[in-house]
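> Enclosed is the structure file entry-v3.cif (mmCIF, C-alpha atoms).
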```
data_coords
#
loop_
_atom_site.label_atom_id
_atom_site.label_comp_id
_atom_site.auth_asym_id
_atom_site.auth_seq_id
_atom_site.Cartn_x
_atom_site.Cartn_y
_atom_site.Cartn_z
CA MET A 431 5.69 -4.89 -29.90
CA GLU A 432 4.87 -7.02 -26.87
CA ARG A 433 4.96 -3.99 -24.55
CA GLY A 434 2.69 -2.07 -26.92
CA LEU A 435 0.20 -4.95 -26.91
CA LYS A 436 0.12 -4.95 -23.12
CA THR A 437 -0.54 -1.22 -23.11
CA ILE A 438 -3.36 -1.10 -25.66
CA LEU A 439 -5.13 -4.34 -24.68
CA PRO A 440 -7.19 -2.76 -21.85
CA VAL A 441 -8.24 0.02 -24.25
CA VAL A 442 -9.30 -2.52 -26.89
CA ILE A 443 -11.39 -4.36 -24.33
CA LEU A 444 -13.05 -1.12 -23.29
CA LEU A 445 -13.85 -0.16 -26.88
CA PHE A 446 -15.33 -3.60 -27.46
CA ALA A 447 -17.54 -3.16 -24.42
CA VAL A 448 -18.77 0.24 -25.55
CA THR A 449 -19.66 -0.95 -29.05
CA VAL A 450 -21.84 -3.85 -27.87
CA ALA A 451 -25.49 -2.89 -28.40
CA ALA A 452 -27.78 -2.75 -25.38
CA GLN A 453 -30.54 -5.36 -25.29
CA GLU A 454 -33.74 -5.97 -23.39
CA LYS A 455 -33.81 -8.81 -20.88
CA PRO A 456 -36.30 -11.43 -22.07
CA LYS A 457 -37.01 -14.72 -20.35
CA TYR A 458 -35.06 -16.54 -23.06
CA GLY A 459 -32.16 -15.19 -25.04
CA TRP A 460 -29.26 -12.93 -24.13
CA ASN A 461 -28.99 -10.96 -20.89
CA ASN A 462 -25.77 -8.92 -20.88
CA GLU A 463 -24.04 -6.62 -18.41
CA ILE A 464 -20.77 -4.67 -18.65
CA ILE A 465 -19.64 -2.36 -15.85
CA GLY A 466 -16.47 -0.26 -15.87
CA ASN A 467 -14.77 1.44 -12.90
CA LEU A 468 -11.97 4.01 -12.94
CA GLY A 469 -10.35 5.09 -9.69
CA LEU A 470 -7.84 7.95 -9.33
CA ASN A 471 -5.82 9.21 -6.37
CA GLN A 472 -3.31 12.08 -6.30
CA VAL A 473 -1.42 14.06 -3.68
CA GLY A 474 1.26 16.72 -4.22
CA PHE A 475 3.56 18.82 -1.98
CA ASP A 476 5.43 22.06 -2.48
CA ASN A 477 7.51 23.47 0.40
CA TRP A 478 5.52 21.33 2.83
CA SER A 479 7.25 21.52 6.21
CA GLN A 480 5.56 18.42 7.63
CA GLY A 481 7.13 16.18 4.99
CA GLY A 482 5.63 13.78 2.48
CA GLU A 483 6.07 12.59 -1.10
CA ASN A 484 4.10 13.28 -4.25
CA ALA A 485 1.94 10.33 -5.24
CA PHE A 486 -0.45 9.35 -8.00
CA SER A 487 -2.33 6.10 -8.58
CA TRP A 488 -5.03 4.82 -10.89
CA GLN A 489 -6.97 1.60 -11.36
CA PHE A 490 -9.36 0.47 -14.09
CA ASP A 491 -11.75 -2.47 -13.71
CA LEU A 492 -14.09 -3.97 -16.28
CA ASN A 493 -16.58 -6.66 -15.27
CA ALA A 494 -18.67 -8.35 -17.94
CA LYS A 495 -21.38 -10.99 -17.84
CA PHE A 496 -23.15 -12.56 -20.84
CA ILE A 497 -26.00 -15.00 -20.14
CA ASN A 498 -27.86 -16.94 -22.82
CA THR A 499 -30.93 -18.73 -21.50
CA SER A 500 -32.97 -21.33 -23.33
CA GLU A 501 -35.54 -23.85 -22.21
CA LYS A 502 -32.93 -26.61 -21.85
CA ALA A 503 -29.72 -24.82 -20.87
CA THR A 504 -28.16 -21.65 -19.46
CA TRP A 505 -24.80 -20.50 -20.81
CA THR A 506 -23.01 -17.93 -18.66
CA THR A 507 -19.74 -16.26 -19.65
CA THR A 508 -18.04 -13.82 -17.27
CA GLY A 509 -14.93 -11.71 -17.60
CA LYS A 510 -12.93 -9.65 -15.14
CA PHE A 511 -10.20 -7.29 -16.32
CA ALA A 512 -8.30 -5.13 -13.83
CA TYR A 513 -5.15 -3.06 -14.11
CA GLY A 514 -3.65 -0.29 -11.99
CA GLN A 515 -0.43 1.59 -11.37
CA SER A 516 1.00 3.94 -8.76
CA ARG A 517 3.88 6.35 -8.52
CA VAL A 518 5.35 7.56 -5.22
CA GLY A 519 8.07 10.20 -5.21
CA ASP A 520 10.98 9.33 -7.48
CA GLN A 521 10.48 5.54 -7.30
CA GLY A 522 8.92 5.35 -10.76
CA THR A 523 5.64 3.80 -11.86
CA ARG A 524 4.82 0.43 -10.34
CA LYS A 525 2.00 -2.01 -11.00
CA THR A 526 -0.54 -2.45 -8.23
CA VAL A 527 -3.38 -4.54 -9.71
CA ASP A 528 -3.25 -6.83 -12.76
CA GLU A 529 -5.78 -9.53 -13.61
CA VAL A 530 -7.33 -11.08 -16.72
CA ARG A 531 -9.99 -13.67 -15.92
CA LEU A 532 -12.55 -15.47 -18.10
CA GLU A 533 -15.01 -18.23 -17.28
CA SER A 534 -17.74 -19.95 -19.27
CA VAL A 535 -20.28 -22.27 -17.65
CA LEU A 536 -22.94 -24.32 -19.46
CA LYS A 537 -25.68 -25.52 -17.09
CA PHE A 538 -28.40 -27.92 -18.22
CA ASN A 539 -31.88 -27.01 -16.97
CA ILE A 540 -33.56 -30.22 -15.85
CA GLU A 541 -35.76 -28.71 -13.11
CA LYS A 542 -34.05 -30.70 -10.38
CA ALA A 543 -32.39 -29.66 -7.13
CA ALA A 544 -29.00 -30.38 -8.71
CA GLU A 545 -28.27 -29.67 -12.38
CA PRO A 546 -25.28 -30.89 -14.44
CA TYR A 547 -22.78 -28.38 -15.80
CA LEU A 548 -19.63 -28.04 -17.92
CA SER A 549 -17.16 -25.21 -17.38
CA LEU A 550 -14.00 -23.75 -18.88
CA GLY A 551 -11.92 -21.04 -17.23
CA GLY A 552 -8.64 -19.23 -17.59
CA TRP A 553 -6.68 -16.41 -16.03
CA THR A 554 -3.42 -14.53 -16.51
CA GLN A 555 -2.17 -10.91 -16.38
CA PHE A 556 -1.51 -7.96 -18.70
CA ALA A 557 1.99 -6.78 -17.78
CA ASP A 558 5.24 -7.92 -16.19
CA GLY A 559 5.14 -8.68 -12.47
CA LEU A 560 8.16 -7.44 -10.52
CA ILE A 561 9.59 -7.87 -7.04
CA TYR A 562 11.34 -4.66 -5.99
CA GLY A 563 14.61 -4.67 -4.09
CA GLU A 564 16.51 -1.77 -2.59
CA ASN A 565 18.39 -0.91 -5.78
CA SER A 566 16.91 -3.24 -8.40
CA SER A 567 13.83 -5.17 -9.45
CA THR A 568 13.28 -8.74 -10.64
CA VAL A 569 10.68 -9.85 -13.19
CA VAL A 570 8.82 -12.91 -11.88
CA SER A 571 5.82 -13.14 -14.27
CA SER A 572 4.53 -11.73 -17.54
CA PHE A 573 1.64 -11.71 -20.05
CA PHE A 574 0.45 -15.33 -20.47
CA ASP A 575 3.36 -16.42 -18.25
CA PRO A 576 1.93 -18.10 -16.29
CA LEU A 577 -1.41 -18.93 -17.90
CA TYR A 578 -3.88 -21.08 -15.96
CA LEU A 579 -6.66 -23.12 -17.59
CA THR A 580 -9.32 -25.26 -15.92
CA GLN A 581 -11.97 -27.61 -17.24
CA SER A 582 -14.61 -29.26 -15.09
CA ALA A 583 -17.87 -31.18 -15.14
CA GLY A 584 -20.24 -31.89 -12.30
CA ILE A 585 -23.45 -30.73 -10.68
CA GLY A 586 -24.59 -27.30 -9.54
CA PHE A 587 -27.32 -26.17 -7.19
CA GLU A 588 -28.66 -23.04 -5.49
CA PRO A 589 -29.34 -23.72 -1.80
CA ALA A 590 -30.41 -20.11 -1.18
CA THR A 591 -31.15 -16.92 -3.07
CA GLY A 592 -27.90 -15.45 -4.35
CA LEU A 593 -25.86 -18.54 -3.43
CA LYS A 594 -24.64 -20.85 -6.20
CA VAL A 595 -22.53 -23.97 -5.58
CA ARG A 596 -20.74 -26.22 -8.08
CA VAL A 597 -19.00 -29.52 -7.33
CA GLY A 598 -17.31 -31.70 -9.93
CA ALA A 599 -14.30 -33.39 -11.45
CA SER A 600 -11.69 -31.00 -12.77
CA ALA A 601 -8.45 -30.67 -14.71
CA LYS A 602 -6.02 -27.77 -14.28
CA GLN A 603 -3.10 -26.77 -16.50
CA THR A 604 -0.39 -24.21 -15.81
CA PHE A 605 1.58 -22.95 -18.83
CA THR A 606 4.81 -20.97 -18.53
CA ASN A 607 7.62 -19.82 -20.79
CA SER A 608 10.31 -17.71 -19.12
CA PHE A 609 9.23 -18.41 -15.55
CA PRO A 610 8.76 -22.18 -15.06
CA ALA A 611 9.68 -21.90 -11.37
CA PRO A 612 7.77 -21.80 -9.12
CA TYR A 613 4.62 -22.07 -11.24
CA ALA A 614 5.13 -25.29 -13.25
CA ASP A 615 8.59 -26.74 -12.67
CA ASN A 616 9.01 -29.74 -10.37
CA PRO A 617 12.16 -29.13 -8.27
CA ASP A 618 12.53 -32.87 -7.60
CA THR A 619 13.33 -33.66 -11.27
CA PRO A 620 16.43 -32.68 -13.28
CA GLU A 621 14.30 -31.46 -16.20
CA ILE A 622 12.72 -28.03 -16.31
CA GLU A 623 8.99 -28.43 -16.85
CA LYS A 624 7.17 -25.47 -18.39
CA THR A 625 3.74 -27.12 -18.20
CA LEU A 626 2.01 -28.55 -15.14
CA SER A 627 -1.14 -30.68 -15.44
CA GLU A 628 -3.21 -31.63 -12.41
CA TYR A 629 -6.38 -33.66 -12.09
CA GLY A 630 -8.80 -33.81 -9.20
CA ALA A 631 -11.99 -32.18 -7.93
CA GLU A 632 -13.28 -28.63 -7.75
CA SER A 633 -15.79 -26.75 -5.68
CA VAL A 634 -17.00 -23.24 -6.52
CA ILE A 635 -19.12 -21.14 -4.15
CA ASP A 636 -20.52 -17.94 -5.67
CA PHE A 637 -22.42 -15.57 -3.38
CA THR A 638 -24.10 -12.26 -4.23
CA ARG A 639 -26.19 -10.28 -1.77
CA LYS A 640 -27.68 -6.79 -2.01
CA LEU A 641 -27.24 -5.57 1.56
CA SER A 642 -29.08 -2.32 0.88
CA GLU A 643 -30.22 -0.22 -2.06
CA ASP A 644 -26.68 1.09 -2.59
CA LEU A 645 -24.50 -1.68 -1.08
CA VAL A 646 -23.68 -4.98 -2.81
CA LEU A 647 -21.49 -7.85 -1.57
CA LYS A 648 -20.01 -10.38 -4.01
CA SER A 649 -17.81 -13.28 -2.96
CA LYS A 650 -16.50 -16.21 -4.97
CA MET A 651 -14.42 -19.05 -3.57
CA GLU A 652 -12.78 -21.58 -5.91
CA LEU A 653 -11.24 -24.73 -4.48
CA PHE A 654 -9.20 -27.29 -6.43
CA SER A 655 -7.83 -30.51 -4.94
CA ASN A 656 -5.49 -32.97 -6.63
CA ILE A 657 -6.53 -35.53 -3.98
CA LYS A 658 -3.00 -35.65 -2.49
CA GLY A 659 -3.86 -34.10 0.86
CA VAL A 660 -5.69 -31.31 2.65
CA ASP A 661 -2.69 -28.96 2.37
CA GLU A 662 -2.64 -29.53 -1.39
CA ILE A 663 -6.00 -27.76 -1.93
CA ASP A 664 -5.63 -24.63 -4.07
CA VAL A 665 -7.75 -21.69 -2.89
CA ASN A 666 -8.78 -18.60 -4.86
CA TRP A 667 -11.18 -16.47 -2.79
CA ASP A 668 -12.19 -13.08 -4.17
CA THR A 669 -14.56 -10.79 -2.22
CA GLN A 670 -15.80 -7.38 -3.40
CA MET A 671 -18.04 -4.91 -1.58
CA THR A 672 -19.38 -1.99 -3.62
CA ALA A 673 -21.12 1.05 -2.18
CA LYS A 674 -22.81 3.55 -4.48
CA VAL A 675 -22.36 7.08 -3.13
CA ALA A 676 -23.58 8.98 -6.23
CA ARG A 677 -24.93 8.18 -9.67
CA TYR A 678 -21.50 7.55 -11.21
CA ILE A 679 -19.33 7.28 -8.09
CA ASN A 680 -18.70 4.08 -6.15
CA VAL A 681 -16.50 2.95 -3.28
CA ASN A 682 -15.01 -0.53 -3.78
CA LEU A 683 -13.37 -2.67 -1.11
CA GLY A 684 -11.69 -5.83 -2.33
CA ILE A 685 -9.97 -8.72 -0.55
CA ARG A 686 -8.38 -11.62 -2.41
CA LEU A 687 -6.86 -14.68 -0.75
CA LEU A 688 -4.76 -17.22 -2.64
CA TYR A 689 -3.17 -20.47 -1.58
CA ASP A 690 -1.19 -22.71 -3.92
CA ARG A 691 1.45 -24.90 -2.30
CA ASN A 692 3.33 -25.16 -5.62
CA ILE A 693 3.99 -21.41 -5.49
CA SER A 694 4.17 -20.64 -1.76
CA LYS A 695 3.59 -22.65 1.41
CA LYS A 696 2.03 -19.56 2.97
CA ARG A 697 -1.26 -17.94 2.04
CA GLN A 698 -1.17 -14.87 -0.22
CA LEU A 699 -3.39 -11.87 0.53
CA MET A 700 -4.23 -8.70 -1.42
CA GLN A 701 -6.47 -5.86 -0.23
CA SER A 702 -7.64 -2.84 -2.21
CA LEU A 703 -9.80 0.20 -1.51
CA ALA A 704 -10.81 2.52 -4.36
CA ILE A 705 -13.13 5.46 -4.90
CA GLY A 706 -13.88 6.19 -8.51
CA PHE A 707 -16.18 6.59 -11.47
CA THR A 708 -18.51 3.76 -12.50
CA TYR A 709 -20.40 3.40 -15.75
CA THR A 710 -22.72 0.62 -16.91
CA PHE A 711 -22.38 0.01 -20.65
CA LEU A 712 -25.12 -2.65 -20.77
#
```
Once you've parsed the file, please lay out its structure as structure tokens.


Amino acid sequence: MERGLKTILPVVILLFAVTVAAQEKPKYGWNNEIIGNLGLNQVGFDNWSQGGENAFSWQFDLNAKFINTSEKATWTTTGKFAYGQSRVGDQGTRKTVDEVRLESVLKFNIEKAAEPYLSLGGWTQFADGLIYGENSSTVVSSFFDPLYLTQSAGIGFEPATGLKVRVGASAKQTFTNSFPAPYADNPDTPEIEKTLSEYGAESVIDFTRKLSEDLVLKSKMELFSNIKGVDEIDVNWDTQMTAKVARYINVNLGIRLLYDRNISKKRQLMQSLAIGFTYTFL
């Protein structure tokens, strides 16, 4: 049942996106955008003397943004859903990309340089995460395990076109079930903690720039500090560059950097390059 849910959830999200009615973009009211990307890559060999292994990979991304603007406030809700798999030779299918991310920000329009905001965010994954050994694999994460939630309040401002900055007080919770370590458990205590709560400050820098008619750069850096030290600052930095090469074909380059001392004392880095089909639902 759980495995079936993980399999059909991306399809359900896609169907939901397709059934949302397109709207005009008035000064006040809803302004919505949903963009889907599907990338495929395949290579096969038959009696190929130079060697090589058959390979197939796919990745689906869905990015959604819903903005409700009124005279006194702007409510922005964004979602990012990404999942991909690859198969090389006889190694079996392995997950390559897996992310579920939602964020909702309510900003109060007071016509000042800095405007107050409230935000709520969360992120997890669709399927089991595995570390592969020579002859076996180990499950280290799963759907909603871990689940991260953040709440914050502060001020936001736009120092330049396409650049948005938020600074405020924040709370962060990490929920786990089967994998308390290293996500939530404190190794210095005899108990096994499945929930970790942290309080401190956050800073979010969101940058979008259209470099040319067919090239867009988006970068978002999220910093969270529990005020215990510089090396205790959590970093989530996601950068995407998208180049449109045809009406429905894009090239996407992505780089994501993570640092969380509770999980690893070294930075974590993921890079992806995909060529695929893109369709704008709204």

> Of the residues A:Arg596, A:Val527, A:Asn666, A:Lys695, which is the one nearest to Leu560 in chain A, using all atoms listed in the file?

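The answer is A:Val527, which sits nearest to Leu560 in chain A.
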
> In Å, how far is it from CA of Ala673 in chain A to CA of Gly514 in chain A?

20.1 Å

> I would like the residues chosen by the PyMOL selection byres ((chain A and resi 623) around 12) on the shown file; could you give them as a ChimeraX atom specification?

/A:604-622,624-627

> Pick out the closest residue to Phe538 in chain A from this set: A:Val681, A:Ile693, A:Leu492, A:Ala503. Count only C-alpha atoms.

A:Ala503

> As a list of chain:residue names, please: the residues near Tyr578 in chain A (cut-off 7 Å, all atoms listed in the file, same-chain neighbours under 2 positions excluded).

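So, after excluding close chain neighbours, the residues are A:Gly552, A:Trp553, A:Thr554, A:Pro576, A:Thr580, A:Gln603, A:Thr604, A:Phe605.
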
> Please provide the set of residues having any atom within 12 Å of Lys542 in chain A, restricted to only C-alpha atoms, with same-chain residues fewer than 4 positions apart removed, written as a list of chain:residue names.

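Selected residues are A:Lys537, A:Phe538, A:Pro546, A:Ile585, A:Gly586, A:Phe587, A:Glu588.
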
> Please evaluate the PyMOL selection byres ((chain A and resi 456-460) around 6) against the displayed coordinates and give the resulting residues as an MDAnalysis selection string.

chainID A and resid 455 461 497:500

> Using the chain letters and numbers from the file, which residues does the PyMOL selection byres ((chain A and resi 708) around 9) grab, as a compact mmCIF listing (two decimals) with C-alpha atoms, keeping the file's coordinate frame?


```txt
# COMPACT_ATOMS: atom_id res chain seq x y z
CA ILE A 465 -19.64 -2.36 -15.85
CA GLY A 466 -16.47 -0.26 -15.87
CA ASN A 467 -14.77 1.44 -12.90
CA LEU A 468 -11.97 4.01 -12.94
CA GLY A 469 -10.35 5.09 -9.69
CA ARG A 677 -24.93 8.18 -9.67
CA TYR A 678 -21.50 7.55 -11.21
CA ILE A 679 -19.33 7.28 -8.09
CA ASN A 680 -18.70 4.08 -6.15
CA GLY A 706 -13.88 6.19 -8.51
CA PHE A 707 -16.18 6.59 -11.47
CA TYR A 709 -20.40 3.40 -15.75
CA THR A 710 -22.72 0.62 -16.91
```

> If you count only C-alpha atoms, which residues fall within 6 Å of Ser571 in chain A, apart from same-chain ones fewer than 2 positions away, as a PDB file with C-alpha atoms, in the frame of the given file?


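What ended up in part-v7.pdb:
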```pdb
ATOM      1  CA  ASP A 558       5.240  -7.920 -16.190  1.00  0.00           C
ATOM      2  CA  GLY A 559       5.140  -8.680 -12.470  1.00  0.00           C
ATOM      3  CA  VAL A 569      10.680  -9.850 -13.190  1.00  0.00           C
ATOM      4  CA  ASP A 575       3.360 -16.420 -18.250  1.00  0.00           C
TER       5      ASP A 575
END
```

> As an exercise, work out the distance from CA of Glu463 in chain A to CA of Glu501 in chain A in Å and give it to one decimal place.

21.1 Å

> Leaving out Ser566 in chain A and any residue of its chain fewer than 5 positions from it, which residues lie within 12 Å of it when counting all atoms listed in the file, given as a list in words?

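That gives Gln521, Gly522, Leu560 and Ile561 of chain A.
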
> Give me, please, the distance in Å between CA of Ala543 in chain A and CA of Leu647 in chain A, quoted to one decimal.

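One can read the CA of Ala543 in chain A to CA of Leu647 in chain A distance as 25.0 Å.
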
> Check the smallest atom-to-atom distance from each of A:Glu652, A:Glu643, A:Glu545, A:Asp690 to Asp664 in chain A using all atoms listed in the file, then report the winner.

A:Asp690

> Which neighbours of Thr523 in chain A fall inside 12 Å, counting all atoms listed in the file, when residues of the same chain fewer than 6 positions from it are skipped, and could you give them as a VMD selection string?

chain A and resid 485 to 488 514 to 517 560 562

> Can you complete the atoms of range 496-532 of chain A to N, CA and C atoms and list them as a short mmCIF file (atom, residue, chain, number, x, y, z; two decimals), in the coordinates of the input?


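Written out: result.cif:
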```cif
data_model
loop_
_atom_site.label_atom_id
_atom_site.label_comp_id
_atom_site.auth_asym_id
_atom_site.auth_seq_id
_atom_site.Cartn_x
_atom_site.Cartn_y
_atom_site.Cartn_z
N PHE A 496 -22.27 -12.27 -19.70
CA PHE A 496 -23.15 -12.56 -20.84
C PHE A 496 -23.87 -13.87 -20.54
N ILE A 497 -25.20 -13.82 -20.48
CA ILE A 497 -26.00 -15.00 -20.14
C ILE A 497 -26.98 -15.28 -21.27
N ASN A 498 -26.92 -16.50 -21.80
CA ASN A 498 -27.86 -16.94 -22.82
C ASN A 498 -28.72 -18.05 -22.23
N THR A 499 -30.01 -17.78 -22.13
CA THR A 499 -30.93 -18.73 -21.50
C THR A 499 -31.88 -19.32 -22.53
N SER A 500 -32.00 -20.63 -22.51
CA SER A 500 -32.97 -21.33 -23.33
C SER A 500 -33.77 -22.26 -22.43
N GLU A 501 -34.69 -22.97 -23.02
CA GLU A 501 -35.54 -23.85 -22.21
C GLU A 501 -34.73 -24.99 -21.60
N LYS A 502 -33.67 -25.43 -22.30
CA LYS A 502 -32.93 -26.61 -21.85
C LYS A 502 -31.59 -26.30 -21.19
N ALA A 503 -31.06 -25.09 -21.39
CA ALA A 503 -29.72 -24.82 -20.87
C ALA A 503 -29.53 -23.33 -20.61
N THR A 504 -28.57 -23.02 -19.74
CA THR A 504 -28.16 -21.65 -19.46
C THR A 504 -26.65 -21.56 -19.63
N TRP A 505 -26.23 -20.68 -20.52
CA TRP A 505 -24.80 -20.50 -20.81
C TRP A 505 -24.37 -19.15 -20.28
N THR A 506 -23.46 -19.15 -19.30
CA THR A 506 -23.01 -17.93 -18.66
C THR A 506 -21.52 -17.74 -18.88
N THR A 507 -21.14 -16.60 -19.44
CA THR A 507 -19.74 -16.26 -19.65
C THR A 507 -19.44 -14.96 -18.90
N THR A 508 -18.41 -14.99 -18.06
CA THR A 508 -18.04 -13.82 -17.27
C THR A 508 -16.58 -13.47 -17.53
N GLY A 509 -16.29 -12.19 -17.43
CA GLY A 509 -14.93 -11.71 -17.60
C GLY A 509 -14.61 -10.63 -16.58
N LYS A 510 -13.40 -10.67 -16.07
CA LYS A 510 -12.93 -9.65 -15.14
C LYS A 510 -11.57 -9.17 -15.61
N PHE A 511 -11.46 -7.88 -15.85
CA PHE A 511 -10.20 -7.29 -16.32
C PHE A 511 -9.87 -6.13 -15.38
N ALA A 512 -8.69 -6.17 -14.78
CA ALA A 512 -8.30 -5.13 -13.83
C ALA A 512 -6.83 -4.80 -14.01
N TYR A 513 -6.54 -3.49 -14.00
CA TYR A 513 -5.15 -3.06 -14.11
C TYR A 513 -5.00 -1.71 -13.42
N GLY A 514 -3.90 -1.55 -12.68
CA GLY A 514 -3.65 -0.29 -11.99
C GLY A 514 -2.17 -0.06 -11.77
N GLN A 515 -1.81 1.20 -11.61
CA GLN A 515 -0.43 1.59 -11.37
C GLN A 515 -0.38 2.70 -10.33
N SER A 516 0.79 2.85 -9.70
CA SER A 516 1.00 3.94 -8.76
C SER A 516 2.42 4.47 -8.91
N ARG A 517 2.57 5.72 -8.52
CA ARG A 517 3.88 6.35 -8.52
C ARG A 517 4.02 7.15 -7.24
N VAL A 518 5.08 6.88 -6.47
CA VAL A 518 5.35 7.56 -5.22
C VAL A 518 6.72 8.19 -5.29
N GLY A 519 6.79 9.50 -5.17
CA GLY A 519 8.07 10.20 -5.21
C GLY A 519 8.83 9.93 -6.49
N ASP A 520 10.11 9.60 -6.34
CA ASP A 520 10.98 9.33 -7.48
C ASP A 520 11.18 7.84 -7.74
N GLN A 521 10.30 6.99 -7.17
CA GLN A 521 10.48 5.54 -7.30
C GLN A 521 10.07 5.02 -8.67
N GLY A 522 9.38 5.81 -9.47
CA GLY A 522 8.92 5.35 -10.76
C GLY A 522 7.56 4.70 -10.66
N THR A 523 6.98 4.40 -11.81
CA THR A 523 5.64 3.80 -11.86
C THR A 523 5.71 2.31 -11.58
N ARG A 524 4.85 1.85 -10.71
CA ARG A 524 4.82 0.43 -10.34
C ARG A 524 3.39 -0.11 -10.47
N LYS A 525 3.30 -1.36 -10.86
CA LYS A 525 2.00 -2.01 -11.00
C LYS A 525 1.43 -2.33 -9.63
N THR A 526 0.12 -2.11 -9.48
CA THR A 526 -0.54 -2.45 -8.23
C THR A 526 -1.57 -3.57 -8.39
N VAL A 527 -2.36 -3.52 -9.46
CA VAL A 527 -3.38 -4.54 -9.71
C VAL A 527 -3.26 -4.99 -11.15
N ASP A 528 -3.38 -6.31 -11.39
CA ASP A 528 -3.25 -6.83 -12.76
C ASP A 528 -3.93 -8.19 -12.83
N GLU A 529 -5.05 -8.26 -13.53
CA GLU A 529 -5.78 -9.53 -13.61
C GLU A 529 -6.59 -9.62 -14.89
N VAL A 530 -6.49 -10.75 -15.56
CA VAL A 530 -7.33 -11.08 -16.72
C VAL A 530 -7.98 -12.43 -16.41
N ARG A 531 -9.31 -12.45 -16.36
CA ARG A 531 -9.99 -13.67 -15.92
C ARG A 531 -11.24 -13.90 -16.76
N LEU A 532 -11.38 -15.10 -17.31
CA LEU A 532 -12.55 -15.47 -18.10
C LEU A 532 -13.07 -16.82 -17.62
#
```
